[in-house]
$ cat coords-v8.cif   # mmCIF, C-alpha atoms and all ligand atoms
data_my_file
#
loop_
_atom_site.label_atom_id
_atom_site.label_comp_id
_atom_site.auth_asym_id
_atom_site.auth_seq_id
_atom_site.Cartn_x
_atom_site.Cartn_y
_atom_site.Cartn_z
CA MET A 1 59.25 216.80 190.63
CA SER A 2 58.24 213.09 190.53
CA GLU A 3 54.52 212.37 190.12
CA ASP A 4 54.14 210.90 193.60
CA ALA A 5 55.86 213.81 195.33
CA PRO A 6 53.41 215.42 197.84
CA LYS A 7 51.93 218.73 196.65
CA VAL A 8 53.41 221.81 198.37
CA LEU A 9 50.44 223.60 200.02
CA PHE A 10 52.20 226.50 201.68
CA GLU A 11 55.78 227.72 201.97
CA ILE A 12 56.66 228.71 205.53
CA THR A 13 59.40 231.31 205.85
CA GLU A 14 60.83 233.11 208.88
CA LYS A 15 58.35 235.96 208.35
CA HIS A 16 55.52 233.56 209.17
CA LEU A 17 56.83 232.68 212.64
CA ASN A 18 54.91 234.08 215.65
CA THR A 19 52.01 235.17 213.40
CA GLY A 20 49.41 232.92 215.03
CA LEU A 21 49.60 230.15 212.41
CA ARG A 22 47.71 232.57 210.11
CA ALA A 23 46.86 230.76 206.82
CA PHE A 24 49.01 227.70 207.68
CA PRO A 25 47.27 224.51 206.38
CA VAL A 26 47.67 222.07 209.30
CA GLY A 27 44.75 219.68 208.79
CA THR A 28 41.47 219.01 207.02
CA CYS A 29 37.90 219.85 207.97
CA TRP A 30 34.78 217.91 206.96
CA THR A 31 32.18 220.19 208.60
CA SER A 32 32.66 223.65 207.13
CA LYS A 33 34.71 225.90 204.89
CA VAL A 34 35.31 229.67 205.06
CA ASP A 35 35.73 231.25 201.62
CA PRO A 36 37.20 234.79 201.87
CA MET A 37 34.53 236.17 199.54
CA GLU A 38 31.55 233.82 200.08
CA GLY A 39 31.94 233.25 203.80
CA VAL A 40 31.10 230.03 205.63
CA SER A 41 29.42 226.93 204.22
CA TYR A 42 28.49 223.80 206.21
CA VAL A 43 29.28 220.55 204.34
CA GLY A 44 29.15 222.41 201.05
CA ARG A 45 25.93 224.36 201.74
CA SER A 46 26.05 228.13 202.14
CA VAL A 47 24.94 229.30 205.56
CA LYS A 48 22.50 231.54 203.68
CA ASP A 49 20.68 228.39 202.48
CA LEU A 50 20.75 226.80 205.94
CA ALA A 51 19.70 229.76 208.10
CA LYS A 52 15.95 229.06 207.87
CA LEU A 53 16.14 225.28 208.30
CA GLU A 54 15.20 223.43 211.50
CA PRO A 55 18.17 223.92 213.84
CA GLU A 56 18.29 220.20 214.64
CA ALA A 57 18.60 219.49 210.90
CA VAL A 58 21.76 221.60 210.77
CA VAL A 59 23.13 219.89 213.89
CA PHE A 60 22.49 216.58 212.11
CA LEU A 61 24.24 217.90 208.97
CA LEU A 62 27.43 218.83 210.85
CA HIS A 63 27.56 215.50 212.69
CA ASN A 64 26.47 213.21 209.84
CA LYS A 65 27.69 215.22 206.79
CA HIS A 66 24.30 215.13 205.06
CA LEU A 67 20.91 216.74 205.71
CA PRO A 68 18.41 214.39 207.37
CA SER A 69 15.31 212.92 205.78
CA ASP A 70 12.06 213.72 207.61
CA GLU A 71 12.31 210.35 209.33
CA GLU A 72 15.96 210.84 210.27
CA LEU A 73 15.17 214.31 211.67
CA ALA A 74 12.31 213.02 213.80
CA ALA A 75 14.50 210.22 215.17
CA PHE A 76 17.41 212.63 215.79
CA LYS A 77 15.20 215.06 217.71
CA ALA A 78 13.91 212.21 219.87
CA ASP A 79 17.44 210.95 220.45
CA LEU A 80 18.70 214.39 221.51
CA ALA A 81 15.70 214.78 223.84
CA SER A 82 16.51 211.41 225.43
CA ARG A 83 20.09 212.58 226.11
CA ALA A 84 19.14 215.90 227.70
CA THR A 85 19.37 214.76 231.32
CA VAL A 86 21.59 216.90 233.53
CA ASP A 87 22.70 215.59 236.94
CA PRO A 88 21.13 217.89 239.58
CA ALA A 89 24.59 218.14 241.16
CA VAL A 90 25.64 220.29 238.18
CA ILE A 91 22.88 222.85 238.72
CA ASN A 92 23.41 222.84 242.47
CA PHE A 93 27.12 223.49 241.89
CA LEU A 94 26.29 226.51 239.73
CA LYS A 95 24.29 227.99 242.61
CA GLY A 96 27.50 228.22 244.63
CA LEU A 97 29.55 230.11 242.03
CA PRO A 98 30.58 233.73 242.71
CA LYS A 99 28.35 236.25 240.92
CA GLN A 100 31.39 238.32 239.93
CA GLY A 101 32.54 235.47 237.70
CA HIS A 102 31.90 236.11 233.99
CA PRO A 103 29.15 233.88 232.48
CA MET A 104 31.81 232.18 230.36
CA GLU A 105 33.78 231.33 233.51
CA TRP A 106 30.59 229.80 234.88
CA PHE A 107 30.23 227.83 231.62
CA LEU A 108 33.78 226.47 231.86
CA ALA A 109 32.93 225.22 235.35
CA GLY A 110 29.60 223.83 234.15
CA LEU A 111 31.22 221.90 231.30
CA ASN A 112 33.65 220.24 233.67
CA LEU A 113 30.80 219.36 236.04
CA LEU A 114 28.89 217.82 233.12
CA GLY A 115 31.97 215.74 232.39
CA MET A 116 32.53 214.71 235.99
CA THR A 117 28.92 213.57 236.34
CA GLY A 118 28.18 212.13 232.92
CA LYS A 119 31.08 211.38 230.58
CA THR A 120 31.30 207.91 228.99
CA ASN A 121 34.70 208.52 227.35
CA ASP A 122 33.11 207.51 224.03
CA PHE A 123 33.68 210.60 221.87
CA GLN A 124 30.59 210.08 219.71
CA GLU A 125 28.26 209.44 222.68
CA ASP A 126 29.70 212.28 224.73
CA ALA A 127 29.51 214.71 221.79
CA LEU A 128 25.75 214.26 221.41
CA ASN A 129 25.19 214.19 225.16
CA LEU A 130 27.18 217.40 225.55
CA LEU A 131 25.24 219.39 222.97
CA ALA A 132 21.94 218.01 224.30
CA ARG A 133 22.79 218.98 227.90
CA THR A 134 24.53 222.35 227.55
CA PRO A 135 21.27 224.28 226.91
CA GLU A 136 20.02 223.44 230.42
CA VAL A 137 23.37 224.42 231.96
CA ILE A 138 23.47 227.71 230.02
CA ALA A 139 19.86 228.58 230.84
CA ALA A 140 20.58 227.86 234.52
CA ILE A 141 23.62 230.17 234.37
CA PHE A 142 21.41 232.94 233.03
CA ARG A 143 18.75 232.46 235.72
CA ILE A 144 21.01 231.89 238.73
CA ARG A 145 23.67 234.52 237.96
CA SER A 146 21.11 237.14 236.82
CA GLY A 147 18.84 236.52 239.81
CA TRP A 148 15.89 235.75 237.51
CA GLY A 149 14.85 232.92 239.79
CA GLU A 150 15.18 229.16 240.13
CA PRO A 151 16.24 227.19 237.07
CA ILE A 152 13.22 226.12 234.98
CA ALA A 153 12.74 222.38 234.40
CA SER A 154 13.82 221.19 230.97
CA GLN A 155 11.20 220.09 228.44
CA PRO A 156 13.47 218.66 225.69
CA GLU A 157 10.50 217.45 223.66
CA LEU A 158 9.86 221.11 222.78
CA GLY A 159 12.98 221.12 220.59
CA LEU A 160 16.55 222.33 221.15
CA VAL A 161 15.92 226.08 220.72
CA GLU A 162 12.31 226.13 221.93
CA ASN A 163 13.30 224.31 225.14
CA PHE A 164 16.25 226.66 225.61
CA VAL A 165 13.96 229.72 225.40
CA HIS A 166 11.53 227.98 227.77
CA MET A 167 14.32 227.34 230.31
CA LEU A 168 15.66 230.89 229.99
CA GLY A 169 12.27 232.30 231.00
CA VAL A 170 13.48 235.82 230.19
CA PRO A 171 11.61 238.23 232.47
CA GLY A 172 9.26 240.33 230.26
CA GLY A 173 10.72 238.62 227.18
CA ASP A 174 8.81 238.07 223.93
CA THR A 175 9.05 234.26 223.62
CA GLU A 176 8.02 234.22 219.96
CA ALA A 177 10.48 236.94 218.86
CA LEU A 178 13.33 235.48 220.94
CA THR A 179 12.71 231.98 219.55
CA LYS A 180 12.71 233.33 215.99
CA LEU A 181 16.01 235.13 216.60
CA LEU A 182 17.74 232.29 218.48
CA ARG A 183 16.81 229.67 215.86
CA THR A 184 18.81 231.65 213.30
CA PHE A 185 21.50 232.76 215.78
CA TYR A 186 22.05 229.10 216.77
CA ILE A 187 22.58 228.01 213.15
CA LEU A 188 24.83 230.95 212.20
CA HIS A 189 27.33 230.45 215.04
CA MET A 190 27.71 226.64 214.93
CA ASP A 191 30.91 226.31 212.92
CA HIS A 192 33.46 228.44 211.05
CA GLY A 193 36.11 226.25 209.48
CA GLY A 194 38.70 224.17 211.30
CA GLY A 195 41.09 226.89 212.37
CA ASN A 196 39.16 229.41 214.45
CA LEU A 197 40.71 229.64 217.88
CA SER A 198 37.99 227.88 219.89
CA THR A 199 37.65 224.97 217.46
CA PHE A 200 41.42 224.58 217.08
CA SER A 201 41.90 224.65 220.87
CA GLY A 202 39.23 222.03 221.47
CA LYS A 203 40.67 219.71 218.83
CA ALA A 204 44.19 220.21 220.15
CA VAL A 205 43.26 219.21 223.70
CA ALA A 206 41.17 216.29 222.43
CA SER A 207 44.20 215.06 220.45
CA GLY A 208 45.74 214.21 223.82
CA LEU A 209 42.62 212.04 224.43
CA ALA A 210 41.20 214.25 227.17
CA ASP A 211 37.42 213.66 227.19
CA ILE A 212 35.22 215.93 225.05
CA TYR A 213 33.88 217.86 228.06
CA ALA A 214 37.40 218.90 229.15
CA SER A 215 38.34 219.56 225.52
CA MET A 216 35.23 221.71 225.07
CA GLY A 217 36.23 223.61 228.21
CA ALA A 218 39.52 224.45 226.48
CA ALA A 219 37.61 225.49 223.37
CA MET A 220 35.26 227.73 225.34
CA ALA A 221 38.22 229.27 227.16
CA GLY A 222 39.47 230.26 223.70
CA LEU A 223 36.06 231.62 222.76
CA TYR A 224 36.04 233.73 225.95
CA GLY A 225 38.82 235.96 224.64
CA PRO A 226 37.85 239.48 223.43
CA ARG A 227 39.68 238.88 220.15
CA HIS A 228 37.36 235.89 219.51
CA GLY A 229 33.91 235.13 220.91
CA ARG A 230 33.74 237.97 223.41
CA ALA A 231 33.85 240.45 220.52
CA ASN A 232 30.04 240.29 220.29
CA GLN A 233 29.79 241.66 223.85
CA ASP A 234 32.23 244.47 223.03
CA CYS A 235 30.41 245.22 219.78
CA LEU A 236 27.11 246.06 221.45
CA ASN A 237 28.89 248.23 223.99
CA PHE A 238 30.66 249.98 221.08
CA VAL A 239 27.37 250.63 219.28
CA LYS A 240 25.98 252.08 222.52
CA THR A 241 28.85 254.58 222.76
CA VAL A 242 28.02 256.03 219.32
CA GLY A 243 24.96 257.60 220.90
CA SER A 244 23.14 258.29 217.62
CA SER A 245 21.77 256.36 214.65
CA ASP A 246 22.20 259.41 212.38
CA PRO A 247 24.68 258.55 209.58
CA ALA A 248 26.47 261.90 209.88
CA ASP A 249 26.91 261.44 213.63
CA ILE A 250 28.12 257.87 213.06
CA GLU A 251 30.68 259.08 210.51
CA ARG A 252 31.99 261.72 212.89
CA PHE A 253 32.23 259.05 215.64
CA ILE A 254 34.08 256.57 213.39
CA ARG A 255 36.55 259.19 212.12
CA ASP A 256 37.22 260.37 215.67
CA ALA A 257 37.78 256.80 216.86
CA LEU A 258 40.26 256.12 214.03
CA ALA A 259 42.05 259.41 214.63
CA ASN A 260 42.50 258.42 218.28
CA LYS A 261 43.50 254.84 217.40
CA ARG A 262 40.40 253.30 219.01
CA LEU A 263 39.09 249.95 217.68
CA ILE A 264 36.08 249.84 215.35
CA TYR A 265 34.37 246.73 216.71
CA GLY A 266 32.52 244.32 214.43
CA PHE A 267 34.43 245.01 211.23
CA GLY A 268 37.22 243.01 209.62
CA HIS A 269 38.20 239.33 209.89
CA ALA A 270 41.35 237.21 209.66
CA VAL A 271 40.04 235.19 206.69
CA LEU A 272 37.04 237.02 205.19
CA ARG A 273 37.53 239.73 202.55
CA ALA A 274 33.85 240.61 202.02
CA GLU A 275 30.80 241.15 204.25
CA ASP A 276 30.32 238.11 206.50
CA PRO A 277 27.14 236.39 205.27
CA ARG A 278 26.27 235.76 208.92
CA ALA A 279 26.10 239.54 209.31
CA THR A 280 24.08 239.89 206.09
CA ILE A 281 21.50 237.43 207.40
CA GLN A 282 21.30 239.19 210.77
CA TYR A 283 20.83 242.64 209.26
CA ALA A 284 17.87 241.26 207.29
CA LEU A 285 16.51 239.55 210.42
CA GLY A 286 16.78 242.81 212.33
CA GLU A 287 14.62 244.55 209.70
CA GLU A 288 12.02 241.85 210.43
CA ILE A 289 12.07 241.70 214.23
CA CYS A 290 13.30 245.10 215.47
CA PRO A 291 13.35 247.60 212.57
CA ASN A 292 12.73 250.60 214.80
CA ASP A 293 15.12 249.69 217.61
CA ASP A 294 17.59 252.58 217.92
CA LEU A 295 20.69 250.45 218.55
CA PHE A 296 19.82 248.18 215.61
CA ARG A 297 19.33 251.27 213.42
CA THR A 298 22.75 252.49 214.56
CA ALA A 299 24.34 249.13 213.66
CA ALA A 300 22.48 249.05 210.33
CA ASN A 301 23.73 252.54 209.40
CA MET A 302 27.26 251.64 210.55
CA ARG A 303 27.13 248.86 207.95
CA THR A 304 27.48 251.49 205.20
CA VAL A 305 29.14 254.41 206.98
CA ALA A 306 31.95 252.47 208.66
CA VAL A 307 32.75 250.59 205.45
CA LYS A 308 32.96 253.87 203.50
CA VAL A 309 35.40 255.34 206.04
CA LEU A 310 37.46 252.17 206.53
CA GLN A 311 37.82 251.71 202.74
CA GLU A 312 39.72 255.01 202.61
CA ASN A 313 42.68 253.22 204.26
CA PRO A 314 44.33 250.87 201.70
CA LYS A 315 46.08 249.04 204.56
CA ILE A 316 42.73 247.71 205.82
CA ALA A 317 42.34 244.30 204.13
CA ASN A 318 38.73 243.83 205.19
CA PRO A 319 36.60 246.89 206.02
CA TYR A 320 33.37 244.88 206.08
CA PRO A 321 31.04 243.78 208.93
CA ASN A 322 31.57 240.39 210.58
CA VAL A 323 29.17 238.14 212.53
CA ASP A 324 29.45 240.28 215.67
CA ALA A 325 28.63 243.64 214.07
CA VAL A 326 24.89 243.42 214.66
CA SER A 327 24.21 240.25 216.72
CA GLY A 328 24.22 242.07 220.05
CA THR A 329 21.66 244.66 218.94
CA LEU A 330 19.27 241.84 217.98
CA LEU A 331 19.76 240.03 221.29
CA ASN A 332 19.31 243.30 223.17
CA ALA A 333 16.14 244.19 221.26
CA SER A 334 14.74 240.69 222.03
CA GLY A 335 15.08 241.10 225.79
CA LEU A 336 18.57 239.73 226.43
CA THR A 337 19.97 243.08 227.47
CA ASP A 338 23.05 242.04 229.49
CA SER A 339 25.90 241.79 226.95
CA ASP A 340 28.02 239.82 229.46
CA TYR A 341 25.97 236.78 228.35
CA TYR A 342 26.46 237.20 224.58
CA THR A 343 29.60 235.07 224.33
CA LEU A 344 27.80 232.38 226.33
CA LEU A 345 25.16 232.33 223.58
CA PHE A 346 27.94 232.07 220.99
CA GLY A 347 29.29 229.09 222.97
CA TRP A 348 25.80 227.50 223.17
CA SER A 349 25.92 227.29 219.38
CA ARG A 350 29.62 226.67 218.74
CA VAL A 351 29.71 223.50 220.82
CA VAL A 352 27.78 221.91 217.93
CA GLY A 353 30.51 222.42 215.33
CA ILE A 354 33.41 221.84 217.69
CA SER A 355 31.94 218.56 218.98
CA ALA A 356 31.47 217.39 215.37
CA GLN A 357 35.05 218.31 214.46
CA ILE A 358 36.46 216.59 217.57
CA VAL A 359 34.58 213.41 216.67
CA ASP A 360 35.91 213.63 213.11
CA GLU A 361 39.50 214.00 214.31
CA ARG A 362 39.22 211.30 217.00
CA LEU A 363 37.20 208.69 215.12
CA ASN A 364 36.94 209.42 211.37
CA PHE A 365 40.14 210.90 209.97
CA ARG A 366 42.99 208.78 208.60
CA GLY A 367 40.75 205.74 207.99
CA GLY A 368 39.47 205.80 211.53
CA LYS A 369 42.94 205.92 213.10
CA GLY A 370 42.35 209.54 214.06
CA VAL A 371 44.72 212.50 214.11
CA ALA A 372 47.95 212.18 216.11
CA ILE A 373 48.51 214.31 219.22
CA TYR A 374 49.13 217.92 218.16
CA ARG A 375 52.85 218.63 218.47
CA CYS A 376 54.06 221.51 216.30
CA LYS A 377 57.59 222.92 216.30
CA PHE A 378 58.83 226.11 217.93
CA ILE A 379 62.29 227.26 216.90
CA ALA A 380 64.61 227.97 219.84
CA GLU A 381 65.49 231.64 220.06
CA ASN A 382 67.52 233.80 222.45
CA GLN A 383 69.00 230.75 224.14
C1 LIG B 401 34.28 232.47 214.24
O1 LIG B 401 33.10 232.34 213.85
O2 LIG B 401 34.92 231.59 214.83
C2 LIG B 401 34.93 233.82 214.06
O3 LIG B 401 34.47 234.44 212.89
C3 LIG B 401 36.44 233.79 214.14
C4 LIG B 401 37.16 232.98 213.08
O4 LIG B 401 36.55 232.45 212.14
O5 LIG B 401 38.38 232.88 213.24
#

$ encode --input "coords-v8.cif" --output "structure tokens"
Amino acid sequence: MSEDAPKVLFEITEKHLNTGLRAFPVGTCWTSKVDPMEGVSYVGRSVKDLAKLEPEAVVFLLHNKHLPSDEELAAFKADLASRATVDPAVINFLKGLPKQGHPMEWFLAGLNLLGMTGKTNDFQEDALNLLARTPEVIAAIFRIRSGWGEPIASQPELGLVENFVHMLGVPGGDTEALTKLLRTFYILHMDHGGGNLSTFSGKAVASGLADIYASMGAAMAGLYGPRHGRANQDCLNFVKTVGSSDPADIERFIRDALANKRLIYGFGHAVLRAEDPRATIQYALGEEICPNDDLFRTAANMRTVAVKVLQENPKIANPYPNVDAVSGTLLNASGLTDSDYYTLLFGWSRVVGISAQIVDERLNFRGGKGVAIYRCKFIAENQ
């Protein structure tokens, strides 16, 4: 092969068709990487090293590809606070939505309202505006749909997560514990490579030059699926059905579920082949904030029992916990007890990474020319 021949990255054969593009290299990603054994890293830094940083510093990292200096961080926080103005028409629109709609359906509507009332059609500007404004929309969805009361006025100077907890105003919630949890939760869920369904969907729609709000709506529609972001909601409900934190009871439950071909939620992953470090971090956090919570204890014991049982089946490529295995038990223990809202919290965080990747594809890749409109090939069949 001549020296300047392009390197073959992956050989596609007929057996790869209709497999969901699994493992197909179709582009590059500057924000994160998912190693099957090490898990996710943001711009070369393991999520384990980033989990305790200031959340705004990690937002800065994904959007600027380096961690901020103290001065840069202070300026970035002030800039985000200055962008966090939501048109009252958006909140008023939410008040008219049907309560039977899922919180993620409300979020899709809210994103499009944010676009209708505030887009500039400058991808970089709209990306930062979107992630600065979505916390107020999401907090309003919680309060209006749950009947907690009127939306609480934003105080962006408190900080991204602190203001979000303030606007949630969880009835009977422990503000300090919830803030501690959501600071880590926010960082852990921001990005996960270029090919997860929500990120891929958002980039695909943006490649047609739809604005970032509409593109993020497509991304969040992808996240809404139970095979993707809504798995965290199903995971907590699964842990609840176990009914015991006793390891022997858990083992009996797992074996019965497998025997009856029921899903074991929270374990396995399309790319990972070891415990998801985002789960590892959350198990440790749970021992700090809710060590005696029964559902957390159940999830913590499932971490060992389910793996032991799943490892008995050689056909299971990844028997280990993923990000969703324990996240719901921590949210539940911190006062956010309605699991219907858990994917919305995933979306609150994931808009950070997706907005950064959309900006990269629209403005930075290919020497600033950007990525062409997505147009893959489907082979005609049965026609
Ligand atoms: C994610 O964080 O997006 C999920 O782990 C799913 C994935 O990576 O495909």

$ residues_around --input "coords-v8.cif" --residues "segment 86-103 of chain A" --least-positions-apart "4" --cutoff "10 Å" --atoms "all atoms listed in the file" --output "count of residues only"
39

$ closest_residue --input "coords-v8.cif" --among "A:Trp30, A:Tyr213, A:Phe267, A:Phe76" --to "ligand LIG 401 (chain B)" --atoms "only C-alpha atoms and all ligand atoms"
A:Phe267

$ residues_near_ligand --input "coords-v8.cif" --ligand "ligand LIG 401 (chain B)" --cutoff "9 Å" --atoms "all atoms listed in the file" --output "list in words"
Val34, Val40, Leu188, His189, Met190, Asp191, His192, Gly193, Gly194, Gly195, Asn196, Leu197, Ser198, Thr199, Leu223, Arg227, His228, Gly229, His269, Ala270, Val271, Leu272, Asp276, Asn322, Val323, Asp324, Phe346 and Arg350 of chain A

$ atom_distance --input "coords-v8.cif" --atom1 "atom CA of Ser339 of chain A" --atom2 "atom CA of Val239 of chain A"
11.8 Å

$ atom_distance --input "coords-v8.cif" --atom1 "atom CA of Ile281 of chain A" --atom2 "atom CA of Arg22 of chain A"
26.8 Å

$ atom_distance --input "coords-v8.cif" --atom1 "atom CA of Ala23 of chain A" --atom2 "atom CA of Asn382 of chain A"
26.1 Å

$ residues_around --input "coords-v8.cif" --residues "Ile289 of chain A" --least-positions-apart "5" --cutoff "12 Å" --atoms "only C-alpha atoms" --output "number ranges by chain"
A: 174, 176-182, 282-284, 296, 329-335

$ write_last_selection --input "coords-v8.cif" --atoms "C-alpha atoms" --output "mmCIF file, in the coordinates of the input"
data_model
loop_
_atom_site.group_PDB
_atom_site.id
_atom_site.type_symbol
_atom_site.label_atom_id
_atom_site.label_comp_id
_atom_site.auth_asym_id
_atom_site.auth_seq_id
_atom_site.Cartn_x
_atom_site.Cartn_y
_atom_site.Cartn_z
ATOM 1 C CA ASP A 174 8.810 238.070 223.930
ATOM 2 C CA GLU A 176 8.020 234.220 219.960
ATOM 3 C CA ALA A 177 10.480 236.940 218.860
ATOM 4 C CA LEU A 178 13.330 235.480 220.940
ATOM 5 C CA THR A 179 12.710 231.980 219.550
ATOM 6 C CA LYS A 180 12.710 233.330 215.990
ATOM 7 C CA LEU A 181 16.010 235.130 216.600
ATOM 8 C CA LEU A 182 17.740 232.290 218.480
ATOM 9 C CA GLN A 282 21.300 239.190 210.770
ATOM 10 C CA TYR A 283 20.830 242.640 209.260
ATOM 11 C CA ALA A 284 17.870 241.260 207.290
ATOM 12 C CA PHE A 296 19.820 248.180 215.610
ATOM 13 C CA THR A 329 21.660 244.660 218.940
ATOM 14 C CA LEU A 330 19.270 241.840 217.980
ATOM 15 C CA LEU A 331 19.760 240.030 221.290
ATOM 16 C CA ASN A 332 19.310 243.300 223.170
ATOM 17 C CA ALA A 333 16.140 244.190 221.260
ATOM 18 C CA SER A 334 14.740 240.690 222.030
ATOM 19 C CA GLY A 335 15.080 241.100 225.790
#

$ residues_around --input "coords-v8.cif" --residues "Phe60 of chain A" --least-positions-apart "5" --cutoff "9 Å" --atoms "only C-alpha atoms" --output "PyMOL selection string"
chain A and resi 55+65-68+72-73+76

$ write_last_selection --input "coords-v8.cif" --atoms "C-alpha atoms" --output "compact mmCIF listing (two decimals), keeping the file's coordinate frame"
# COMPACT_ATOMS: atom_id res chain seq x y z
CA PRO A 55 18.17 223.92 213.84
CA LYS A 65 27.69 215.22 206.79
CA HIS A 66 24.30 215.13 205.06
CA LEU A 67 20.91 216.74 205.71
CA PRO A 68 18.41 214.39 207.37
CA GLU A 72 15.96 210.84 210.27
CA LEU A 73 15.17 214.31 211.67
CA PHE A 76 17.41 212.63 215.79

$ closest_residue --input "coords-v8.cif" --among "A:Ala5, A:Gly243, A:Leu336, A:Ala221" --to "Thr175 of chain A" --atoms "all atoms listed in the file"
A:Leu336

$ closest_residue --input "coords-v8.cif" --among "A:Val305, A:Leu236, A:Ala127, A:Ala356" --to "Ser32 of chain A" --atoms "only C-alpha atoms"
A:Ala356

$ closest_residue --input "coords-v8.cif" --among "A:Thr184, A:Ser201, A:Trp148, A:Cys376" --to "Lys48 of chain A" --atoms "only C-alpha atoms"
A:Thr184
